[in-house]
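**Q** First, the structure itself, so that you have it in front of you.
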Protein chains: 2
Amino acid sequence: MSILTDPQKAAFATSHPAWTLHEETITRTFTFEDFAEAIGFVTRVGVAAERVFHHPDIDIRWNTVTLTLTSHDVGGLTERDVELAARIDSFVD
Amino acid sequence: MSILTDPQKAAFATSHPAWTLHEETITRTFTFEDFAEAIGFVTRVGVAAERVFHHPDIDIRWNTVTLTLTSHDVGGLTERDVELAARIDSFVD
């Protein structure tokens with residue numbers, strides 16, 4: 001699994017504007033009605049992450065969930081990150 | 001609900017050494033076998049938190065979960081924090 005090129009990263013940023021590209025990570029913050037909704041989302045993300053064995057960093061602040069993705073094993077963003085991000089987007093968008 | 005006094009905070013820190021007291025927050029990091037175990041724990045914490053309508057900040061890093069508790073509404077640590085911390089401890093200790 002190779003690290004995405006700059007044009008590939010730019011293409012992702014354009015097609016998924018809710019995610020913020022920062023060097024070799026992508027981040028998105030999701031806001032829900034309340035904590036219970038946020039935990040429900042995290043559980044769903046957890047199952048999706050486990051399915052592809054690729055795990056975002058997850059920060060929960062009451063009704064807000066921030067996910068950060070990178071591929072630690074290769075030290076950068078890969079197809080795994082953008083595919084999981086797109087999958088997670090499909091839960092809410 | 002009043003803010004805990006310094007002796008009350010010190011008593012909690014002594015009786016719950018796995019938690020770190022930092023000004024008006026308490027924090028504990030829990031390490032599990034893997035991500036699935038960590039998510040399972042977060043779900044359990046989520047249900048316990050919702051039950052008392054008091055919600056920790058939750059950071060998930062693969063198999064590691066960090067919880068931070070404070071009572072935002074009164075700007076400090078209260079009985080609610082130490083009671084929820086003790087309940088969460090009962091899940092793992």
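FYI, nothing fancy with the structure tokens labels: chains A, B, ... in order, residues from 1 per chain, ligands from 1 as they appear.
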DSSP says helix (DSSP H, G or I) for which residues of chain B? Put them as JSON, numbers by chain?

**A** {"B": [6, 7, 8, 9, 10, 11, 12, 13, 14, 15, 35, 36, 37, 38, 39, 40, 41, 42, 43, 44, 45, 46, 47, 48, 49, 50, 51, 79, 80, 81, 82, 83, 84, 85, 86, 87, 88, 89, 90, 91, 92]}

**Q** At a cut-off of 6 Å, can you tabulate as a Markdown table every residue of chain A near chain B together with its closest atom pair and the distance in Å to one decimal, using only C-alpha atoms and ordering rows by chain then number?

**A**
| residue | atom | partner | partner_atom | distance |
| --- | --- | --- | --- | --- |
| A:Asp57 | CA | B:Arg61 | CA | 5.1 |
| A:Ile58 | CA | B:Ile60 | CA | 5.0 |
| A:Asp59 | CA | B:Asp59 | CA | 4.4 |
| A:Ile60 | CA | B:Ile58 | CA | 5.0 |
| A:Arg61 | CA | B:Asp57 | CA | 5.1 |

**Q** Check the smallest atom-to-atom distance from each of B:Met1, B:Glu23, B:Arg87, B:Phe30 to B:Asp73 using only C-alpha atoms, then report the winner.

**A**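 Nearest to B:Asp73: B:Met1.
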
**Q** Where does DSSP see strand (DSSP E) in stretch 8-83 of chain B, if you list the residues as an NGL selection string?

**A** :B and (20-22 or 25-31 or 57-61 or 64-69)

**Q** What is the atom CA of A:Arg80 to atom CA of B:Phe41 distance in Å?

**A**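 Distance between the two atoms: 25.3 Å.
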
**Q** Calculate how many Å separate atom CA of B:His16 from atom CA of B:Asp34, rounding to one decimal.

**A**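 Separating atom CA of B:His16 from atom CA of B:Asp34 is a distance of 24.6 Å.
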
**Q** Tell me which of B:Glu79, B:Leu84, B:Phe91, B:Arg44 sits closest to B:Ile3, counting only C-alpha atoms.

**A**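 Between B:Glu79, B:Leu84, B:Phe91, B:Arg44, the residue approaching B:Ile3 most closely is B:Glu79.
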
**Q** With only C-alpha atoms as the basis for distance, which of A:Leu4, A:Ala13, A:Ile26, A:Ala48 is at the shortest distance from A:Ser90?

**A** A:Ala48

**Q** Fewer than 6 positions away in the same chain doesn't count, so skip those; otherwise give me all residues within 12 Å of B:Lys9, counting only C-alpha atoms, as number ranges by chain.

**A** B: 3, 15-17, 19-26, 76-79, 81-82

**Q** Any chance you can output those residues with N, CA, C and O atoms as a PDB file, in the first residue's frame?

**A**
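See again-v9.pdb below for the written result:
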ATOM      1  N   ILE B   3     -18.682  22.131  44.018  1.00  0.00           N
ATOM      2  CA  ILE B   3     -17.343  21.674  43.628  1.00  0.00           C
ATOM      3  C   ILE B   3     -16.668  21.024  44.830  1.00  0.00           C
ATOM      4  O   ILE B   3     -16.809  21.494  45.958  1.00  0.00           O
ATOM      5  N   SER B  15      -7.839   7.112  46.889  1.00  0.00           N
ATOM      6  CA  SER B  15      -8.630   5.879  46.807  1.00  0.00           C
ATOM      7  C   SER B  15      -8.748   5.363  45.369  1.00  0.00           C
ATOM      8  O   SER B  15      -9.122   4.214  45.156  1.00  0.00           O
ATOM      9  N   HIS B  16      -8.439   6.217  44.373  1.00  0.00           N
ATOM     10  CA  HIS B  16      -8.528   5.817  42.963  1.00  0.00           C
ATOM     11  C   HIS B  16      -7.233   6.201  42.249  1.00  0.00           C
ATOM     12  O   HIS B  16      -7.219   7.111  41.417  1.00  0.00           O
ATOM     13  N   PRO B  17      -6.123   5.522  42.586  1.00  0.00           N
ATOM     14  CA  PRO B  17      -4.810   5.953  42.092  1.00  0.00           C
ATOM     15  C   PRO B  17      -4.646   5.837  40.578  1.00  0.00           C
ATOM     16  O   PRO B  17      -3.725   6.438  40.020  1.00  0.00           O
ATOM     17  N   TRP B  19      -6.527   7.133  38.467  1.00  0.00           N
ATOM     18  CA  TRP B  19      -6.952   8.412  37.885  1.00  0.00           C
ATOM     19  C   TRP B  19      -5.950   9.501  38.234  1.00  0.00           C
ATOM     20  O   TRP B  19      -5.412   9.546  39.340  1.00  0.00           O
ATOM     21  N   THR B  20      -5.713  10.393  37.261  1.00  0.00           N
ATOM     22  CA  THR B  20      -4.817  11.526  37.484  1.00  0.00           C
ATOM     23  C   THR B  20      -5.658  12.774  37.703  1.00  0.00           C
ATOM     24  O   THR B  20      -6.517  13.105  36.881  1.00  0.00           O
ATOM     25  N   LEU B  21      -5.417  13.428  38.818  1.00  0.00           N
ATOM     26  CA  LEU B  21      -6.105  14.673  39.136  1.00  0.00           C
ATOM     27  C   LEU B  21      -5.294  15.829  38.568  1.00  0.00           C
ATOM     28  O   LEU B  21      -4.089  15.939  38.823  1.00  0.00           O
ATOM     29  N   HIS B  22      -5.949  16.649  37.734  1.00  0.00           N
ATOM     30  CA  HIS B  22      -5.255  17.816  37.181  1.00  0.00           C
ATOM     31  C   HIS B  22      -6.211  18.994  37.280  1.00  0.00           C
ATOM     32  O   HIS B  22      -7.189  19.065  36.538  1.00  0.00           O
ATOM     33  N   GLU B  23      -5.913  19.868  38.236  1.00  0.00           N
ATOM     34  CA  GLU B  23      -6.790  21.005  38.507  1.00  0.00           C
ATOM     35  C   GLU B  23      -8.235  20.527  38.666  1.00  0.00           C
ATOM     36  O   GLU B  23      -8.524  19.780  39.587  1.00  0.00           O
ATOM     37  N   GLU B  24      -9.120  20.903  37.762  1.00  0.00           N
ATOM     38  CA  GLU B  24     -10.532  20.549  37.947  1.00  0.00           C
ATOM     39  C   GLU B  24     -10.981  19.416  37.019  1.00  0.00           C
ATOM     40  O   GLU B  24     -12.154  19.353  36.628  1.00  0.00           O
ATOM     41  N   THR B  25     -10.047  18.527  36.648  1.00  0.00           N
ATOM     42  CA  THR B  25     -10.415  17.344  35.872  1.00  0.00           C
ATOM     43  C   THR B  25      -9.767  16.100  36.485  1.00  0.00           C
ATOM     44  O   THR B  25      -8.748  16.197  37.179  1.00  0.00           O
ATOM     45  N   ILE B  26     -10.364  14.940  36.190  1.00  0.00           N
ATOM     46  CA  ILE B  26      -9.716  13.658  36.475  1.00  0.00           C
ATOM     47  C   ILE B  26      -9.659  12.866  35.171  1.00  0.00           C
ATOM     48  O   ILE B  26     -10.586  12.903  34.358  1.00  0.00           O
ATOM     49  N   GLY B  76     -16.039  22.664  37.627  1.00  0.00           N
ATOM     50  CA  GLY B  76     -15.108  21.978  38.518  1.00  0.00           C
ATOM     51  C   GLY B  76     -15.503  20.539  38.739  1.00  0.00           C
ATOM     52  O   GLY B  76     -16.456  20.036  38.141  1.00  0.00           O
ATOM     53  N   LEU B  77     -14.744  19.861  39.585  1.00  0.00           N
ATOM     54  CA  LEU B  77     -15.021  18.465  39.923  1.00  0.00           C
ATOM     55  C   LEU B  77     -16.118  18.386  40.970  1.00  0.00           C
ATOM     56  O   LEU B  77     -16.103  19.133  41.949  1.00  0.00           O
ATOM     57  N   THR B  78     -17.048  17.460  40.772  1.00  0.00           N
ATOM     58  CA  THR B  78     -18.136  17.264  41.736  1.00  0.00           C
ATOM     59  C   THR B  78     -18.280  15.778  42.047  1.00  0.00           C
ATOM     60  O   THR B  78     -17.602  14.922  41.444  1.00  0.00           O
ATOM     61  N   GLU B  79     -19.212  15.488  42.922  1.00  0.00           N
ATOM     62  CA  GLU B  79     -19.541  14.104  43.247  1.00  0.00           C
ATOM     63  C   GLU B  79     -19.918  13.308  41.999  1.00  0.00           C
ATOM     64  O   GLU B  79     -19.666  12.105  41.917  1.00  0.00           O
ATOM     65  N   ASP B  81     -18.613  13.430  39.112  1.00  0.00           N
ATOM     66  CA  ASP B  81     -17.401  12.940  38.446  1.00  0.00           C
ATOM     67  C   ASP B  81     -16.822  11.730  39.170  1.00  0.00           C
ATOM     68  O   ASP B  81     -16.484  10.728  38.546  1.00  0.00           O
ATOM     69  N   VAL B  82     -16.694  11.848  40.474  1.00  0.00           N
ATOM     70  CA  VAL B  82     -16.050  10.745  41.197  1.00  0.00           C
ATOM     71  C   VAL B  82     -16.959   9.510  41.230  1.00  0.00           C
ATOM     72  O   VAL B  82     -16.473   8.373  41.196  1.00  0.00           O
TER      73      VAL B  82
END

**Q** One number please: atom CA of A:Glu83 to atom CA of A:Arg28, in Å, one decimal.

**A**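 Atom-to-atom, atom CA of A:Glu83 and atom CA of A:Arg28 are spaced 14.0 Å apart.
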